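Okay, so here's the structure we're looking at.
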Amino acid sequence: MKDNSSKYVVVLVISFFFLNQVLVSSQLDYRFYDASCPNLTRIVRYGVWMAVSNDTRMAASLLRLHFHDCFVNGCDGSLLLDDTNTFKGEKNALPNVNSVRGYEVIDNIKAVLEKFCPSVVSCTDIVTLAAREAVYLAGGPFWQIPLGRRDGTTASESEANQLPSPVEPLEDIIAKFTSKGFNVKDVVALSGAHTFGFARCMMFKHRLFNFDGAGNPDPELDVMLRQNLQNNCPNQDDSNNKFAPLDAYTINRFDNVYYRNLVNKLGLLQSDQDLMKDNTTASLVVSYSRYPYMFYRDFGASMVKLANTGILTGQNGEIRKNCRVVN
């Protein structure tokens, strides 16, 4: 007989992981701060509004900050921690350095909260709420979030370097998501975050000039879009840090135009356009391109799942006084 014991051990380990996530998530509460910090949502909302009023790009940046925090060992505010002489954080990991923005927005919101309800609200919950408010302010959906997360005391630059990359094969990206408890629908829905914001030319320039290694552009990229991008991102190193909008049609608005772009070969990043190459992901892309409310519903559900990834509750972790340093 074939020995299936190793298979059963893997199943048990996975089952325990998800059971543990459910038990930890059950310690969150939609009214967690109602008595201890009743003005929390109002303060976060105003802080995000002020930041986006000064810089329209900041809405997308706050959403990205939340994702990059949660995807590395869970939502614990680890991305906010600064390097010290004895501590190496995640800010200088390759996917984050000179790329992730919004730290000062979280700092400003935290400073106000420390005046009204000191040592009560975690930096992690602030980031979680700020991401939702940013999406809603940009015209996207609003979803309810249970609160009560606590802040971590460690960070991992090496783990941050494993974040999904826009030049990775789709199957590798899906594998990274599924290892965190997400499914294919979550991958497609959360990819919709690229409906606003910008990308550096270095992230997609290979599609414009040498996609196949023989000097030819990506055939899956619309010709007119490619020509416009080539003008903005010429084939020289000093254009690497220039920016292009992820969605050139509704640049700062959160909507479903991103998916319409993919249907029409107008996706900026290779990882986005590759969603049209797989039957399962392509079917979801087409549905979201036609039915914005379906996208909004699924995006909100996936964001709740993201916000519950690897969280600390109860007596685990801490409530930082300064989001940049451990107490």
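In the structure tokens, chains take letters A, B, ... by order of appearance, with residues numbered from 1 within each chain and ligands from 1 in the order shown.
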Residues near Asn252 of chain A, anyone? I mean within 8 Å using only C-alpha atoms, not counting same-chain ones fewer than 6 positions away, as a PDB file with all heavy atoms, in the first residue's frame.
```
ATOM      1  N   THR A  56      -2.673  63.724  -4.904  1.00  0.00           N
ATOM      2  CA  THR A  56      -3.693  62.775  -5.330  1.00  0.00           C
ATOM      3  C   THR A  56      -3.156  61.347  -5.448  1.00  0.00           C
ATOM      4  O   THR A  56      -3.920  60.385  -5.353  1.00  0.00           O
ATOM      5  CB  THR A  56      -4.292  63.192  -6.690  1.00  0.00           C
ATOM      6  OG1 THR A  56      -3.227  63.400  -7.636  1.00  0.00           O
ATOM      7  CG2 THR A  56      -5.096  64.477  -6.550  1.00  0.00           C
ATOM      8  N   ARG A  57      -1.855  61.194  -5.653  1.00  0.00           N
ATOM      9  CA  ARG A  57      -1.260  59.862  -5.725  1.00  0.00           C
ATOM     10  C   ARG A  57      -1.334  59.112  -4.404  1.00  0.00           C
ATOM     11  O   ARG A  57      -1.207  57.880  -4.362  1.00  0.00           O
ATOM     12  CB  ARG A  57       0.212  59.947  -6.135  1.00  0.00           C
ATOM     13  CG  ARG A  57       0.485  60.213  -7.609  1.00  0.00           C
ATOM     14  CD  ARG A  57       1.987  60.293  -7.851  1.00  0.00           C
ATOM     15  NE  ARG A  57       2.682  59.085  -7.413  1.00  0.00           N
ATOM     16  CZ  ARG A  57       3.974  59.055  -7.084  1.00  0.00           C
ATOM     17  NH1 ARG A  57       4.702  60.159  -7.125  1.00  0.00           N
ATOM     18  NH2 ARG A  57       4.529  57.921  -6.710  1.00  0.00           N
ATOM     19  N   ALA A  60      -3.651  55.822  -3.724  1.00  0.00           N
ATOM     20  CA  ALA A  60      -3.118  54.540  -4.171  1.00  0.00           C
ATOM     21  C   ALA A  60      -1.938  54.110  -3.311  1.00  0.00           C
ATOM     22  O   ALA A  60      -1.763  52.915  -3.028  1.00  0.00           O
ATOM     23  CB  ALA A  60      -2.701  54.628  -5.639  1.00  0.00           C
ATOM     24  N   ALA A 138     -11.426  57.800  -3.267  1.00  0.00           N
ATOM     25  CA  ALA A 138     -11.125  57.807  -4.706  1.00  0.00           C
ATOM     26  C   ALA A 138     -12.283  57.280  -5.545  1.00  0.00           C
ATOM     27  O   ALA A 138     -12.139  57.091  -6.750  1.00  0.00           O
ATOM     28  CB  ALA A 138      -9.875  56.976  -4.979  1.00  0.00           C
ATOM     29  N   PHE A 196      -5.713  52.558  -9.994  1.00  0.00           N
ATOM     30  CA  PHE A 196      -5.193  53.918  -9.819  1.00  0.00           C
ATOM     31  C   PHE A 196      -3.746  53.822  -9.350  1.00  0.00           C
ATOM     32  O   PHE A 196      -3.242  52.755  -9.028  1.00  0.00           O
ATOM     33  CB  PHE A 196      -6.057  54.773  -8.895  1.00  0.00           C
ATOM     34  CG  PHE A 196      -6.194  54.314  -7.456  1.00  0.00           C
ATOM     35  CD1 PHE A 196      -6.860  55.118  -6.529  1.00  0.00           C
ATOM     36  CD2 PHE A 196      -5.696  53.099  -7.017  1.00  0.00           C
ATOM     37  CE1 PHE A 196      -7.007  54.715  -5.214  1.00  0.00           C
ATOM     38  CE2 PHE A 196      -5.837  52.690  -5.700  1.00  0.00           C
ATOM     39  CZ  PHE A 196      -6.494  53.506  -4.798  1.00  0.00           C
ATOM     40  N   GLY A 197      -3.057  54.957  -9.389  1.00  0.00           N
ATOM     41  CA  GLY A 197      -1.649  54.961  -9.025  1.00  0.00           C
ATOM     42  C   GLY A 197      -0.739  54.914 -10.238  1.00  0.00           C
ATOM     43  O   GLY A 197      -1.184  54.938 -11.385  1.00  0.00           O
TER      44      GLY A 197
END
```
Taking 3 positions as the minimum chain separation for residues in the same chain, which residues sit within 10 Å of Lys265 of chain A when counting only C-alpha atoms? Answer as a PDB file with C-alpha atoms, in the first residue's frame.
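As written to disk, result.pdb reads:
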```
ATOM      1  CA  PRO A 219       2.758  41.568 -28.737  1.00  0.00           C
ATOM      2  CA  GLU A 220       0.104  41.648 -25.989  1.00  0.00           C
ATOM      3  CA  LEU A 221       0.540  45.419 -25.572  1.00  0.00           C
ATOM      4  CA  ASP A 222      -1.650  47.770 -27.609  1.00  0.00           C
ATOM      5  CA  VAL A 223       0.447  49.488 -30.285  1.00  0.00           C
ATOM      6  CA  LEU A 225      -0.213  52.619 -25.844  1.00  0.00           C
ATOM      7  CA  TYR A 259     -10.261  45.434 -16.182  1.00  0.00           C
ATOM      8  CA  ARG A 260     -11.581  47.000 -19.392  1.00  0.00           C
ATOM      9  CA  ASN A 261      -8.001  47.947 -20.163  1.00  0.00           C
ATOM     10  CA  LEU A 262      -6.859  44.346 -19.772  1.00  0.00           C
ATOM     11  CA  LEU A 268       0.631  48.481 -18.152  1.00  0.00           C
ATOM     12  CA  ASP A 272      -1.674  42.452 -15.004  1.00  0.00           C
ATOM     13  CA  GLN A 273      -1.989  41.689 -18.702  1.00  0.00           C
ATOM     14  CA  ASP A 274      -1.099  38.045 -18.021  1.00  0.00           C
ATOM     15  CA  MET A 276      -5.943  37.434 -19.699  1.00  0.00           C
TER      16      MET A 276
END
```
Near segment 242-244 of chain A, counting only C-alpha atoms, which residues have an atom at most 12 Å away, once you skip same-chain residues fewer than 2 positions from it, shown as an NGL selection string?
-> :A and (57 or 99 or 194 or 196-205 or 225-226 or 228-240 or 246-249 or 251 or 267-269)
Rank A:Gly213, A:Gly192, A:Gly300, A:Gly89 by their smallest atom-to-atom distance to Val285 of chain A, using only C-alpha atoms, and report the top residue only.
->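 Checking each candidate against Val285 of chain A, we get A:Gly192 as the closest.
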Return the single residue from A:Cys37, A:Leu284, A:Ile173, A:Val121 that is closest to Lys321 of chain A, with distances computed using only C-alpha atoms.
->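 Under the stated criterion, the closest residue is A:Val121.
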Quick one: distance from atom CA of Tyr258 of chain A to atom CA of Val52 of chain A in Å, one decimal?
-> 20.7 Å
Run DSSP on the backbone and grab whatever in segment 11-215 of chain A lands in helix (DSSP H, G or I); send it over as a ChimeraX atom specification.
-> /A:11-25,40-54,58-70,78-80,103-116,123-137,157-160,170-178,184-195,201-203,206-209
Give me the residues within 10 Å of Phe295 of chain A as a ChimeraX atom specification, counting only C-alpha atoms and dropping any in the same chain fewer than 4 places off.
-> /A:140-141,188-190,192,255-256,259,284-285,287-291,299-301
With only C-alpha atoms as the atoms that count, which of A:Ile311, A:Val257, A:Ala175, A:Met224 lies nearest to Pro292 of chain A?
->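 Closest residue, counting only C-alpha atoms: A:Val257.
Proximity to Asn92 of chain A at 12 Å, evaluated using only C-alpha atoms and with sequence-adjacent residues fewer than 4 positions away removed, yields Leu79, Leu80, Leu81, Asp82, Asp83, Lys88, Asn96, Val97, Asn98, Ser99, Val100, Ala155, Ser156, Glu157, Ser158, Glu159, Ala160 and Asn161 of chain A.
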Please provide as a PyMOL selection string all residues within 12 Å of Ala111 of chain A, with the sequence filter that same-chain residues fewer than 3 positions apart are discarded (counting only C-alpha atoms).
-> chain A and resi 43-44+47+104-108+114-123+126+320-324
Can you tell me how far atom CA of Pro146 of chain A sits from atom CA of Phe254 of chain A, in Å to one decimal?
->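 So the two atoms, atom CA of Pro146 of chain A and atom CA of Phe254 of chain A, lie 22.8 Å apart.
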To one decimal in Å, tell me the separation between atom CA of Ser36 of chain A and atom CA of Leu62 of chain A.
-> 25.0 Å
Strand (DSSP E or B) residues, from DSSP on the backbone, in segment 96-308 of chain A, as a VMD selection string | chain A and resid 147 150 to 151 198 to 200 243 to 245
For Glu168 of chain A, please output as a list of chain:residue names all residues within 9 Å (counting only C-alpha atoms; exclusion window: fewer than 4 positions along the same chain).
-> A:Pro164, A:Asp172, A:Ile173, A:Gln270, A:Ser271
Best match for closeness to Phe71 of chain A among A:Gly215, A:Gly181, A:Gly102, A:Gly152, counting only C-alpha atoms | A:Gly181
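Minimum atom-to-atom distance to Leu208 of chain A, evaluated using only C-alpha atoms, belongs to A:Gln227 out of A:Gln227, A:Met58, A:Val187, A:Met294.
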Could you tell me which of A:Leu113, A:Val326, A:Ala134, A:Leu312 comes closest to Pro38 of chain A if we count only C-alpha atoms?
->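 That would be A:Leu113, the residue with the smallest distance to Pro38 of chain A.
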